[in-house]
Every structure is written in structure tokens, then in C-alpha cells.
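Here the structure is laid out as C-alpha cells; the discussion comes afterwards.
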Amino acid sequence: MDRNSIQKTVLGVIALGVACSSPMGSAIVTRNILKKINTPPDDEQLLSEKKVRDSLYNLRKHGYVKVVGSGAERRLDLTKKGRGALRGYEVGSLVLSRRGTWDKKWRLVMFDIPEDERYARDVLRDKLKRMGFFQIQQSVWAYPYPCGKEVDVLCEYFGVQRYVLKFTGPLENDSKLRTLLNKKGFDLQ
């Protein structure tokens with residue numbers, strides 16, 4: 001497991017409140033995290049206590065995690081920076097489903113994001129493409145299966161909700177679009 005994966009996992013566990021501390025210190029926190037994230041022994045990628053401890057140290061040092069409370073009430077919590085990083089990991093790992101019978105409805109995402117927010121526009125466009133959306137026009141993207149929650153997460157993360165319109169419904173004359181997506185591995189009959 002690489003360093004980013006470990007940090008993502010540790011941030012996620014802390015966000016769930018599982019990594020509570022105690023007067024015993026980081027050993028108990030580390031064991032709690034390892035209990036939650038290590039899989040059965042047949043998996044080759046079990047995390048070591050040292051890797052988790054190093055990750056916790058780096059996360060605290062760089063302001064992603066903080067210790068709150070005192071004495072027996074001490075616990076780890078995510079900072080605003082840590083919550084943002086965790087959200088970024090979530091956005092980076094978004095995947096859309098291609099399973100099930102197609103309901104003959106298209107999911108369109110349309111946006112008109114101003115030039116002064118060009119970075120958000122470019123990254124949103126790139127993420128939609130990598131997730132499997134098909135570009136119909138400059139800022140109009142189509143996907144055949146439900147994806148509303150994933151699009152909402154993206155728009156919220158990039159702060160562009162007010163510039164984005166979503167539409168779900170059938171489209172007339174969609175045979176060219178179906179043909180193109182069928183060539184890309186979709187089964188749109």
C-alpha cells in the first residue's frame with residue numbers, strides 16, 4: 001500500500017471516530033486504526049504499526065489531524081484541511097456504474113463556468129471524461145446510467161453547483177450517441 005493510500009485510509013478511519021486516543025498514547029490509536037483497516041491474513045497488504053504511526057505523525061505535522069480533549073477524553077479529529085483532503089480522495093476515486101438494464105434515460109450534465117474559475121471548469125471536464133461521460137457539445141456531457149450523487153459530489157467539491165444543470169430523461173434521435181457508447185463498451189439496447 002503506497003503512502004497516499006495509507007494516509008487516505010487513516011484520515012477515513014479518524015473521520016469515522018474510530019481512532020480514539022487514551023492516556024496510553026499513539027500505540028492504542030494505531031492498534032484501533034489497524035483493527036479497522038487490516039483485512040484477514042490472506043491479504044498480502046496488511047499495514048504495519050510503523051506505517052500507521054508515521055502516517056499519523058505526518059498528518060499531524062502538516063495540519064490534517066489534531067488532538068482534541070484532554071486526559072481520558074483525548075481523541076484525534078480532522079482539521080478543515082484534513083476534511084478537504086479526505087473529500088479530495090473521495091472525488092479522485094469516484095466510479096460510475098455500467099451495470100444493470102439501461103432505463104432508456106440519459107443523464108446530461110451541462111455547465112457554463114466563468115473564465116475566472118477556469119481551473120474548476122477544466123478539472124470538472126477532465127473528471128467527467130475519466131468517469132466515462134461522453135461529450136456531446138463543449139460543456140454538455142452525457143451518461144446512460146444513474147450518476148446524480150457522484151455529479152453532486154464533484155460539483156460540491158469544486159464549488160461550481162450554481163453553474164451546473166443536470167437533466168435526466170429520454171432523448172429523441174439518440175441513435176448516434178448509443179452507437180458511440182456501445183463502441184466504448186456500454187450495452188445500450
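Ordering of the C-alpha cells sets the chain letters (A, B, ...); residue numbers start at 1 within each chain; ligands are numbered from 1 in the order shown.
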Just the residues within 9 Å of Met110 (chain A), please, counting only C-alpha atoms, with nothing from its chain fewer than 2 positions along; format it as a ChimeraX atom specification. /A:108,112,139-142,163-167
Top pick for closest residue to Lys51 (chain A), considering A:Lys183, A:Arg3, A:Lys176, A:Arg98 and counting only C-alpha atoms: A:Arg3
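Shortest separation to Arg125 (chain A) among A:Val65, A:Leu86, A:Leu78, A:Ile113 occurs at residue A:Ile113, atoms counted being only C-alpha atoms.
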Using the chain letters and numbers from this document, which residues of chain A does DSSP assign to strand (DSSP E or B), as a PDB file with all heavy atoms, in the first residue's frame?
ATOM      1  N   CYS A  20     -10.014   6.735  18.504  1.00  0.00           N
ATOM      2  CA  CYS A  20     -10.000   7.444  19.783  1.00  0.00           C
ATOM      3  C   CYS A  20      -8.702   7.172  20.520  1.00  0.00           C
ATOM      4  O   CYS A  20      -8.165   6.087  20.471  1.00  0.00           O
ATOM      5  CB  CYS A  20     -11.179   7.006  20.639  1.00  0.00           C
ATOM      6  SG  CYS A  20     -12.734   7.512  19.919  1.00  0.00           S
ATOM      7  N   VAL A  65      -4.644  16.602  10.896  1.00  0.00           N
ATOM      8  CA  VAL A  65      -5.214  15.946  12.065  1.00  0.00           C
ATOM      9  C   VAL A  65      -4.809  16.740  13.294  1.00  0.00           C
ATOM     10  O   VAL A  65      -3.710  17.285  13.357  1.00  0.00           O
ATOM     11  CB  VAL A  65      -4.675  14.491  12.173  1.00  0.00           C
ATOM     12  CG1 VAL A  65      -5.135  13.823  13.449  1.00  0.00           C
ATOM     13  CG2 VAL A  65      -5.101  13.668  10.974  1.00  0.00           C
ATOM     14  N   LYS A  66      -5.690  16.794  14.276  1.00  0.00           N
ATOM     15  CA  LYS A  66      -5.362  17.465  15.537  1.00  0.00           C
ATOM     16  C   LYS A  66      -5.857  16.606  16.696  1.00  0.00           C
ATOM     17  O   LYS A  66      -6.756  15.785  16.538  1.00  0.00           O
ATOM     18  CB  LYS A  66      -5.997  18.855  15.600  1.00  0.00           C
ATOM     19  CG  LYS A  66      -7.520  18.816  15.584  1.00  0.00           C
ATOM     20  CD  LYS A  66      -8.115  20.204  15.563  1.00  0.00           C
ATOM     21  CE  LYS A  66      -9.640  20.089  15.417  1.00  0.00           C
ATOM     22  NZ  LYS A  66     -10.265  21.373  15.269  1.00  0.00           N
ATOM     23  N   VAL A  67      -5.254  16.810  17.853  1.00  0.00           N
ATOM     24  CA  VAL A  67      -5.683  16.132  19.067  1.00  0.00           C
ATOM     25  C   VAL A  67      -6.623  17.094  19.793  1.00  0.00           C
ATOM     26  O   VAL A  67      -6.293  18.257  19.990  1.00  0.00           O
ATOM     27  CB  VAL A  67      -4.482  15.770  19.971  1.00  0.00           C
ATOM     28  CG1 VAL A  67      -4.965  15.146  21.273  1.00  0.00           C
ATOM     29  CG2 VAL A  67      -3.538  14.836  19.235  1.00  0.00           C
ATOM     30  N   VAL A  68      -7.795  16.611  20.160  1.00  0.00           N
ATOM     31  CA  VAL A  68      -8.748  17.428  20.901  1.00  0.00           C
ATOM     32  C   VAL A  68      -9.076  16.747  22.224  1.00  0.00           C
ATOM     33  O   VAL A  68      -8.978  15.535  22.344  1.00  0.00           O
ATOM     34  CB  VAL A  68     -10.044  17.697  20.094  1.00  0.00           C
ATOM     35  CG1 VAL A  68      -9.756  18.552  18.888  1.00  0.00           C
ATOM     36  CG2 VAL A  68     -10.698  16.403  19.670  1.00  0.00           C
ATOM     37  N   ARG A  75      -8.792  12.637  21.840  1.00  0.00           N
ATOM     38  CA  ARG A  75      -9.079  11.898  20.607  1.00  0.00           C
ATOM     39  C   ARG A  75      -8.504  12.655  19.427  1.00  0.00           C
ATOM     40  O   ARG A  75      -8.153  13.825  19.532  1.00  0.00           O
ATOM     41  CB  ARG A  75     -10.575  11.687  20.425  1.00  0.00           C
ATOM     42  CG  ARG A  75     -11.354  12.948  20.266  1.00  0.00           C
ATOM     43  CD  ARG A  75     -12.859  12.675  20.143  1.00  0.00           C
ATOM     44  NE  ARG A  75     -13.610  13.894  20.233  1.00  0.00           N
ATOM     45  CZ  ARG A  75     -13.771  14.760  19.224  1.00  0.00           C
ATOM     46  NH1 ARG A  75     -13.255  14.503  18.060  1.00  0.00           N
ATOM     47  NH2 ARG A  75     -14.455  15.864  19.392  1.00  0.00           N
ATOM     48  N   LEU A  76      -8.400  11.979  18.319  1.00  0.00           N
ATOM     49  CA  LEU A  76      -7.939  12.607  17.087  1.00  0.00           C
ATOM     50  C   LEU A  76      -9.150  13.091  16.300  1.00  0.00           C
ATOM     51  O   LEU A  76     -10.204  12.453  16.297  1.00  0.00           O
ATOM     52  CB  LEU A  76      -7.166  11.593  16.234  1.00  0.00           C
ATOM     53  CG  LEU A  76      -5.826  11.157  16.787  1.00  0.00           C
ATOM     54  CD1 LEU A  76      -5.258  10.034  15.945  1.00  0.00           C
ATOM     55  CD2 LEU A  76      -4.861  12.330  16.812  1.00  0.00           C
ATOM     56  N   ASP A  77      -8.981  14.221  15.642  1.00  0.00           N
ATOM     57  CA  ASP A  77     -10.050  14.771  14.813  1.00  0.00           C
ATOM     58  C   ASP A  77      -9.428  15.363  13.563  1.00  0.00           C
ATOM     59  O   ASP A  77      -8.263  15.766  13.570  1.00  0.00           O
ATOM     60  CB  ASP A  77     -10.807  15.850  15.596  1.00  0.00           C
ATOM     61  CG  ASP A  77     -12.212  16.043  15.086  1.00  0.00           C
ATOM     62  OD1 ASP A  77     -12.607  15.361  14.117  1.00  0.00           O
ATOM     63  OD2 ASP A  77     -12.929  16.880  15.658  1.00  0.00           O
ATOM     64  N   LEU A  78     -10.197  15.411  12.499  1.00  0.00           N
ATOM     65  CA  LEU A  78      -9.717  16.022  11.271  1.00  0.00           C
ATOM     66  C   LEU A  78      -9.848  17.533  11.360  1.00  0.00           C
ATOM     67  O   LEU A  78     -10.827  18.049  11.888  1.00  0.00           O
ATOM     68  CB  LEU A  78     -10.530  15.529  10.071  1.00  0.00           C
ATOM     69  CG  LEU A  78     -10.479  14.041   9.752  1.00  0.00           C
ATOM     70  CD1 LEU A  78     -11.338  13.751   8.536  1.00  0.00           C
ATOM     71  CD2 LEU A  78      -9.066  13.584   9.512  1.00  0.00           C
ATOM     72  N   TRP A 106     -31.210   9.314 -20.355  1.00  0.00           N
ATOM     73  CA  TRP A 106     -29.876   9.894 -20.395  1.00  0.00           C
ATOM     74  C   TRP A 106     -29.691  10.828 -19.226  1.00  0.00           C
ATOM     75  O   TRP A 106     -30.630  11.494 -18.794  1.00  0.00           O
ATOM     76  CB  TRP A 106     -29.662  10.658 -21.706  1.00  0.00           C
ATOM     77  CG  TRP A 106     -29.574   9.736 -22.877  1.00  0.00           C
ATOM     78  CD1 TRP A 106     -30.566   9.426 -23.754  1.00  0.00           C
ATOM     79  CD2 TRP A 106     -28.444   8.973 -23.272  1.00  0.00           C
ATOM     80  NE1 TRP A 106     -30.129   8.520 -24.676  1.00  0.00           N
ATOM     81  CE2 TRP A 106     -28.820   8.227 -24.407  1.00  0.00           C
ATOM     82  CE3 TRP A 106     -27.151   8.850 -22.796  1.00  0.00           C
ATOM     83  CZ2 TRP A 106     -27.933   7.370 -25.065  1.00  0.00           C
ATOM     84  CZ3 TRP A 106     -26.277   8.005 -23.442  1.00  0.00           C
ATOM     85  CH2 TRP A 106     -26.675   7.278 -24.570  1.00  0.00           C
ATOM     86  N   ARG A 107     -28.480  10.870 -18.720  1.00  0.00           N
ATOM     87  CA  ARG A 107     -28.127  11.817 -17.668  1.00  0.00           C
ATOM     88  C   ARG A 107     -27.212  12.852 -18.315  1.00  0.00           C
ATOM     89  O   ARG A 107     -26.109  12.524 -18.752  1.00  0.00           O
ATOM     90  CB  ARG A 107     -27.393  11.136 -16.510  1.00  0.00           C
ATOM     91  CG  ARG A 107     -28.295  10.371 -15.582  1.00  0.00           C
ATOM     92  CD  ARG A 107     -28.902   9.177 -16.230  1.00  0.00           C
ATOM     93  NE  ARG A 107     -29.839   8.487 -15.342  1.00  0.00           N
ATOM     94  CZ  ARG A 107     -30.494   7.426 -15.712  1.00  0.00           C
ATOM     95  NH1 ARG A 107     -30.351   6.947 -16.926  1.00  0.00           N
ATOM     96  NH2 ARG A 107     -31.328   6.844 -14.881  1.00  0.00           N
ATOM     97  N   LEU A 108     -27.700  14.071 -18.427  1.00  0.00           N
ATOM     98  CA  LEU A 108     -26.919  15.139 -19.035  1.00  0.00           C
ATOM     99  C   LEU A 108     -26.412  16.080 -17.951  1.00  0.00           C
ATOM    100  O   LEU A 108     -27.153  16.432 -17.030  1.00  0.00           O
ATOM    101  CB  LEU A 108     -27.759  15.935 -20.034  1.00  0.00           C
ATOM    102  CG  LEU A 108     -28.309  15.174 -21.236  1.00  0.00           C
ATOM    103  CD1 LEU A 108     -29.076  16.120 -22.147  1.00  0.00           C
ATOM    104  CD2 LEU A 108     -27.196  14.495 -22.019  1.00  0.00           C
ATOM    105  N   VAL A 109     -25.166  16.474 -18.086  1.00  0.00           N
ATOM    106  CA  VAL A 109     -24.565  17.464 -17.205  1.00  0.00           C
ATOM    107  C   VAL A 109     -24.136  18.614 -18.112  1.00  0.00           C
ATOM    108  O   VAL A 109     -23.367  18.410 -19.053  1.00  0.00           O
ATOM    109  CB  VAL A 109     -23.348  16.885 -16.445  1.00  0.00           C
ATOM    110  CG1 VAL A 109     -22.679  17.960 -15.619  1.00  0.00           C
ATOM    111  CG2 VAL A 109     -23.778  15.714 -15.580  1.00  0.00           C
ATOM    112  N   MET A 110     -24.692  19.790 -17.826  1.00  0.00           N
ATOM    113  CA  MET A 110     -24.389  20.975 -18.630  1.00  0.00           C
ATOM    114  C   MET A 110     -23.853  22.053 -17.703  1.00  0.00           C
ATOM    115  O   MET A 110     -24.369  22.216 -16.596  1.00  0.00           O
ATOM    116  CB  MET A 110     -25.657  21.474 -19.314  1.00  0.00           C
ATOM    117  CG  MET A 110     -26.276  20.431 -20.237  1.00  0.00           C
ATOM    118  SD  MET A 110     -28.024  20.706 -20.540  1.00  0.00           S
ATOM    119  CE  MET A 110     -28.743  19.870 -19.136  1.00  0.00           C
ATOM    120  N   PHE A 111     -22.844  22.761 -18.160  1.00  0.00           N
ATOM    121  CA  PHE A 111     -22.308  23.811 -17.298  1.00  0.00           C
ATOM    122  C   PHE A 111     -21.809  24.994 -18.112  1.00  0.00           C
ATOM    123  O   PHE A 111     -21.453  24.867 -19.283  1.00  0.00           O
ATOM    124  CB  PHE A 111     -21.199  23.283 -16.381  1.00  0.00           C
ATOM    125  CG  PHE A 111     -20.076  22.573 -17.084  1.00  0.00           C
ATOM    126  CD1 PHE A 111     -18.981  23.265 -17.559  1.00  0.00           C
ATOM    127  CD2 PHE A 111     -20.105  21.193 -17.229  1.00  0.00           C
ATOM    128  CE1 PHE A 111     -17.934  22.617 -18.180  1.00  0.00           C
ATOM    129  CE2 PHE A 111     -19.064  20.525 -17.852  1.00  0.00           C
ATOM    130  CZ  PHE A 111     -17.974  21.237 -18.329  1.00  0.00           C
ATOM    131  N   PHE A 134     -19.679  11.076 -21.978  1.00  0.00           N
ATOM    132  CA  PHE A 134     -19.398  11.344 -23.379  1.00  0.00           C
ATOM    133  C   PHE A 134     -19.754  12.796 -23.665  1.00  0.00           C
ATOM    134  O   PHE A 134     -20.844  13.260 -23.326  1.00  0.00           O
ATOM    135  CB  PHE A 134     -20.213  10.403 -24.274  1.00  0.00           C
ATOM    136  CG  PHE A 134     -19.944  10.594 -25.727  1.00  0.00           C
ATOM    137  CD1 PHE A 134     -18.802  10.059 -26.306  1.00  0.00           C
ATOM    138  CD2 PHE A 134     -20.812  11.326 -26.508  1.00  0.00           C
ATOM    139  CE1 PHE A 134     -18.545  10.254 -27.649  1.00  0.00           C
ATOM    140  CE2 PHE A 134     -20.560  11.517 -27.849  1.00  0.00           C
ATOM    141  CZ  PHE A 134     -19.427  10.981 -28.431  1.00  0.00           C
ATOM    142  N   GLN A 135     -18.835  13.513 -24.303  1.00  0.00           N
ATOM    143  CA  GLN A 135     -19.061  14.929 -24.588  1.00  0.00           C
ATOM    144  C   GLN A 135     -19.925  15.079 -25.835  1.00  0.00           C
ATOM    145  O   GLN A 135     -19.585  14.607 -26.913  1.00  0.00           O
ATOM    146  CB  GLN A 135     -17.722  15.639 -24.790  1.00  0.00           C
ATOM    147  CG  GLN A 135     -17.847  17.131 -24.902  1.00  0.00           C
ATOM    148  CD  GLN A 135     -16.500  17.835 -24.963  1.00  0.00           C
ATOM    149  OE1 GLN A 135     -15.471  17.217 -25.222  1.00  0.00           O
ATOM    150  NE2 GLN A 135     -16.506  19.122 -24.719  1.00  0.00           N
ATOM    151  N   ILE A 136     -21.075  15.761 -25.663  1.00  0.00           N
ATOM    152  CA  ILE A 136     -21.985  15.999 -26.776  1.00  0.00           C
ATOM    153  C   ILE A 136     -21.672  17.348 -27.432  1.00  0.00           C
ATOM    154  O   ILE A 136     -21.661  17.476 -28.648  1.00  0.00           O
ATOM    155  CB  ILE A 136     -23.456  15.995 -26.300  1.00  0.00           C
ATOM    156  CG1 ILE A 136     -23.812  14.613 -25.770  1.00  0.00           C
ATOM    157  CG2 ILE A 136     -24.390  16.381 -27.426  1.00  0.00           C
ATOM    158  CD1 ILE A 136     -25.204  14.530 -25.189  1.00  0.00           C
ATOM    159  N   GLN A 137     -21.465  18.350 -26.598  1.00  0.00           N
ATOM    160  CA  GLN A 137     -21.059  19.677 -27.041  1.00  0.00           C
ATOM    161  C   GLN A 137     -20.008  20.185 -26.073  1.00  0.00           C
ATOM    162  O   GLN A 137     -19.650  19.494 -25.123  1.00  0.00           O
ATOM    163  CB  GLN A 137     -22.267  20.622 -27.079  1.00  0.00           C
ATOM    164  CG  GLN A 137     -23.261  20.297 -28.170  1.00  0.00           C
ATOM    165  CD  GLN A 137     -24.392  21.307 -28.223  1.00  0.00           C
ATOM    166  OE1 GLN A 137     -24.453  22.242 -27.438  1.00  0.00           O
ATOM    167  NE2 GLN A 137     -25.308  21.105 -29.150  1.00  0.00           N
ATOM    168  N   VAL A 140     -21.498  20.078 -22.545  1.00  0.00           N
ATOM    169  CA  VAL A 140     -22.644  19.181 -22.360  1.00  0.00           C
ATOM    170  C   VAL A 140     -22.136  17.750 -22.422  1.00  0.00           C
ATOM    171  O   VAL A 140     -21.543  17.332 -23.420  1.00  0.00           O
ATOM    172  CB  VAL A 140     -23.731  19.406 -23.451  1.00  0.00           C
ATOM    173  CG1 VAL A 140     -24.909  18.466 -23.232  1.00  0.00           C
ATOM    174  CG2 VAL A 140     -24.185  20.857 -23.476  1.00  0.00           C
ATOM    175  N   TRP A 141     -22.360  17.020 -21.333  1.00  0.00           N
ATOM    176  CA  TRP A 141     -21.853  15.660 -21.197  1.00  0.00           C
ATOM    177  C   TRP A 141     -22.999  14.699 -20.918  1.00  0.00           C
ATOM    178  O   TRP A 141     -23.944  15.048 -20.210  1.00  0.00           O
ATOM    179  CB  TRP A 141     -20.839  15.603 -20.056  1.00  0.00           C
ATOM    180  CG  TRP A 141     -19.622  16.422 -20.349  1.00  0.00           C
ATOM    181  CD1 TRP A 141     -19.485  17.780 -20.228  1.00  0.00           C
ATOM    182  CD2 TRP A 141     -18.383  15.944 -20.841  1.00  0.00           C
ATOM    183  NE1 TRP A 141     -18.234  18.160 -20.608  1.00  0.00           N
ATOM    184  CE2 TRP A 141     -17.530  17.063 -20.987  1.00  0.00           C
ATOM    185  CE3 TRP A 141     -17.900  14.688 -21.160  1.00  0.00           C
ATOM    186  CZ2 TRP A 141     -16.226  16.940 -21.449  1.00  0.00           C
ATOM    187  CZ3 TRP A 141     -16.594  14.577 -21.604  1.00  0.00           C
ATOM    188  CH2 TRP A 141     -15.774  15.689 -21.751  1.00  0.00           C
ATOM    189  N   ALA A 142     -22.920  13.490 -21.466  1.00  0.00           N
ATOM    190  CA  ALA A 142     -23.992  12.507 -21.312  1.00  0.00           C
ATOM    191  C   ALA A 142     -23.461  11.217 -20.705  1.00  0.00           C
ATOM    192  O   ALA A 142     -22.320  10.806 -20.955  1.00  0.00           O
ATOM    193  CB  ALA A 142     -24.620  12.205 -22.670  1.00  0.00           C
ATOM    194  N   TYR A 143     -24.336  10.581 -19.917  1.00  0.00           N
ATOM    195  CA  TYR A 143     -24.043   9.269 -19.350  1.00  0.00           C
ATOM    196  C   TYR A 143     -25.360   8.509 -19.274  1.00  0.00           C
ATOM    197  O   TYR A 143     -26.398   9.084 -18.929  1.00  0.00           O
ATOM    198  CB  TYR A 143     -23.417   9.408 -17.949  1.00  0.00           C
ATOM    199  CG  TYR A 143     -22.775   8.147 -17.459  1.00  0.00           C
ATOM    200  CD1 TYR A 143     -21.532   7.753 -17.947  1.00  0.00           C
ATOM    201  CD2 TYR A 143     -23.407   7.339 -16.525  1.00  0.00           C
ATOM    202  CE1 TYR A 143     -20.932   6.585 -17.506  1.00  0.00           C
ATOM    203  CE2 TYR A 143     -22.810   6.168 -16.079  1.00  0.00           C
ATOM    204  CZ  TYR A 143     -21.576   5.795 -16.579  1.00  0.00           C
ATOM    205  OH  TYR A 143     -20.982   4.636 -16.153  1.00  0.00           O
ATOM    206  N   VAL A 164     -23.985  24.545 -12.802  1.00  0.00           N
ATOM    207  CA  VAL A 164     -24.195  23.228 -13.401  1.00  0.00           C
ATOM    208  C   VAL A 164     -25.684  22.877 -13.403  1.00  0.00           C
ATOM    209  O   VAL A 164     -26.380  23.043 -12.411  1.00  0.00           O
ATOM    210  CB  VAL A 164     -23.406  22.149 -12.627  1.00  0.00           C
ATOM    211  CG1 VAL A 164     -23.673  20.764 -13.197  1.00  0.00           C
ATOM    212  CG2 VAL A 164     -21.916  22.458 -12.666  1.00  0.00           C
ATOM    213  N   LEU A 165     -26.143  22.382 -14.556  1.00  0.00           N
ATOM    214  CA  LEU A 165     -27.512  21.878 -14.687  1.00  0.00           C
ATOM    215  C   LEU A 165     -27.439  20.387 -14.966  1.00  0.00           C
ATOM    216  O   LEU A 165     -26.571  19.923 -15.709  1.00  0.00           O
ATOM    217  CB  LEU A 165     -28.235  22.557 -15.845  1.00  0.00           C
ATOM    218  CG  LEU A 165     -28.513  24.043 -15.715  1.00  0.00           C
ATOM    219  CD1 LEU A 165     -29.068  24.581 -17.025  1.00  0.00           C
ATOM    220  CD2 LEU A 165     -29.504  24.288 -14.585  1.00  0.00           C
ATOM    221  N   LYS A 166     -28.372  19.645 -14.364  1.00  0.00           N
ATOM    222  CA  LYS A 166     -28.452  18.201 -14.614  1.00  0.00           C
ATOM    223  C   LYS A 166     -29.837  17.910 -15.200  1.00  0.00           C
ATOM    224  O   LYS A 166     -30.828  18.530 -14.823  1.00  0.00           O
ATOM    225  CB  LYS A 166     -28.277  17.410 -13.321  1.00  0.00           C
ATOM    226  CG  LYS A 166     -26.917  17.571 -12.691  1.00  0.00           C
ATOM    227  CD  LYS A 166     -26.745  16.688 -11.468  1.00  0.00           C
ATOM    228  CE  LYS A 166     -27.817  16.941 -10.447  1.00  0.00           C
ATOM    229  NZ  LYS A 166     -27.713  16.151  -9.245  1.00  0.00           N
ATOM    230  N   PHE A 167     -29.865  16.963 -16.100  1.00  0.00           N
ATOM    231  CA  PHE A 167     -31.124  16.549 -16.718  1.00  0.00           C
ATOM    232  C   PHE A 167     -31.125  15.036 -16.815  1.00  0.00           C
ATOM    233  O   PHE A 167     -30.118  14.436 -17.183  1.00  0.00           O
ATOM    234  CB  PHE A 167     -31.256  17.164 -18.120  1.00  0.00           C
ATOM    235  CG  PHE A 167     -32.374  16.573 -18.934  1.00  0.00           C
ATOM    236  CD1 PHE A 167     -33.678  16.987 -18.730  1.00  0.00           C
ATOM    237  CD2 PHE A 167     -32.118  15.601 -19.883  1.00  0.00           C
ATOM    238  CE1 PHE A 167     -34.711  16.432 -19.478  1.00  0.00           C
ATOM    239  CE2 PHE A 167     -33.138  15.046 -20.629  1.00  0.00           C
ATOM    240  CZ  PHE A 167     -34.445  15.457 -20.429  1.00  0.00           C
ATOM    241  N   THR A 168     -32.266  14.443 -16.510  1.00  0.00           N
ATOM    242  CA  THR A 168     -32.428  13.005 -16.677  1.00  0.00           C
ATOM    243  C   THR A 168     -33.713  12.772 -17.460  1.00  0.00           C
ATOM    244  O   THR A 168     -34.778  13.253 -17.065  1.00  0.00           O
ATOM    245  CB  THR A 168     -32.530  12.281 -15.323  1.00  0.00           C
ATOM    246  OG1 THR A 168     -31.328  12.508 -14.588  1.00  0.00           O
ATOM    247  CG2 THR A 168     -32.731  10.788 -15.515  1.00  0.00           C
ATOM    248  N   GLY A 169     -33.602  12.062 -18.552  1.00  0.00           N
ATOM    249  CA  GLY A 169     -34.784  11.761 -19.346  1.00  0.00           C
ATOM    250  C   GLY A 169     -34.399  11.201 -20.698  1.00  0.00           C
ATOM    251  O   GLY A 169     -33.212  11.160 -21.069  1.00  0.00           O
TER     252      GLY A 169
END
Glu90 (chain A) environment, 10 Å, only C-alpha atoms, sequence neighbours closer than 5 positions dropped, as a PyMOL selection string: chain A and resi 8+12+84-85+95+150+153-154+157
Include N, CA, C and O atoms and write out the residues we just selected as a PDB file, in the first residue's frame.
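See part.pdb below for the written result:
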ATOM      1  N   LYS A   8      -4.936   8.225   3.162  1.00  0.00           N
ATOM      2  CA  LYS A   8      -6.376   8.258   2.858  1.00  0.00           C
ATOM      3  C   LYS A   8      -7.130   7.368   3.833  1.00  0.00           C
ATOM      4  O   LYS A   8      -8.156   7.748   4.398  1.00  0.00           O
ATOM      5  N   GLY A  12      -9.754   8.515   6.753  1.00  0.00           N
ATOM      6  CA  GLY A  12     -11.107   7.966   6.757  1.00  0.00           C
ATOM      7  C   GLY A  12     -11.482   7.347   8.092  1.00  0.00           C
ATOM      8  O   GLY A  12     -12.594   7.530   8.591  1.00  0.00           O
ATOM      9  N   GLY A  84     -10.901  18.396   3.833  1.00  0.00           N
ATOM     10  CA  GLY A  84     -10.748  18.698   2.409  1.00  0.00           C
ATOM     11  C   GLY A  84      -9.934  17.637   1.690  1.00  0.00           C
ATOM     12  O   GLY A  84     -10.279  17.232   0.576  1.00  0.00           O
ATOM     13  N   ALA A  85      -8.875  17.193   2.329  1.00  0.00           N
ATOM     14  CA  ALA A  85      -8.035  16.145   1.727  1.00  0.00           C
ATOM     15  C   ALA A  85      -8.815  14.843   1.576  1.00  0.00           C
ATOM     16  O   ALA A  85      -8.735  14.173   0.540  1.00  0.00           O
ATOM     17  N   VAL A  95     -16.334   6.360  -9.143  1.00  0.00           N
ATOM     18  CA  VAL A  95     -16.511   5.457 -10.279  1.00  0.00           C
ATOM     19  C   VAL A  95     -18.009   5.357 -10.550  1.00  0.00           C
ATOM     20  O   VAL A  95     -18.807   5.268  -9.614  1.00  0.00           O
ATOM     21  N   GLU A 150     -22.878  11.188  -7.638  1.00  0.00           N
ATOM     22  CA  GLU A 150     -21.478  11.390  -7.979  1.00  0.00           C
ATOM     23  C   GLU A 150     -21.254  12.784  -8.572  1.00  0.00           C
ATOM     24  O   GLU A 150     -20.286  13.472  -8.239  1.00  0.00           O
ATOM     25  N   VAL A 153     -21.368  15.331  -5.796  1.00  0.00           N
ATOM     26  CA  VAL A 153     -20.117  15.345  -5.027  1.00  0.00           C
ATOM     27  C   VAL A 153     -19.058  16.150  -5.776  1.00  0.00           C
ATOM     28  O   VAL A 153     -18.359  16.981  -5.189  1.00  0.00           O
ATOM     29  N   LEU A 154     -18.934  15.921  -7.084  1.00  0.00           N
ATOM     30  CA  LEU A 154     -17.959  16.665  -7.888  1.00  0.00           C
ATOM     31  C   LEU A 154     -18.230  18.164  -7.855  1.00  0.00           C
ATOM     32  O   LEU A 154     -17.326  18.967  -7.617  1.00  0.00           O
ATOM     33  N   TYR A 157     -17.483  19.656  -4.459  1.00  0.00           N
ATOM     34  CA  TYR A 157     -16.047  19.698  -4.194  1.00  0.00           C
ATOM     35  C   TYR A 157     -15.387  20.877  -4.924  1.00  0.00           C
ATOM     36  O   TYR A 157     -14.554  21.568  -4.361  1.00  0.00           O
TER      37      TYR A 157
END
Write out as a list in words each polymer residue whose atoms come within 10 Å of Pro170 (chain A), counting only C-alpha atoms; drop sequence neighbours fewer than 4 positions from it. Asp103, Lys104, Lys105, Trp106, Arg107, Pro144 and Asp174 of chain A
What are the DSSP helix (DSSP H, G or I) residues of chain A, as number ranges by chain? A: 3-15, 26-37, 49-61, 71-73, 80-92, 115-131, 148-158, 161-163, 175-183
So, counting only C-alpha atoms, which residue among A:Phe133, A:Arg87, A:Arg118, A:Ser55 is closest to Leu180 (chain A)?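 Answer, going by the shortest atom-to-atom distance: A:Phe133.
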Could you please determine the separation between CA of Val91 (chain A) and CA of Thr179 (chain A) in Å, to one decimal place? 29.0 Å
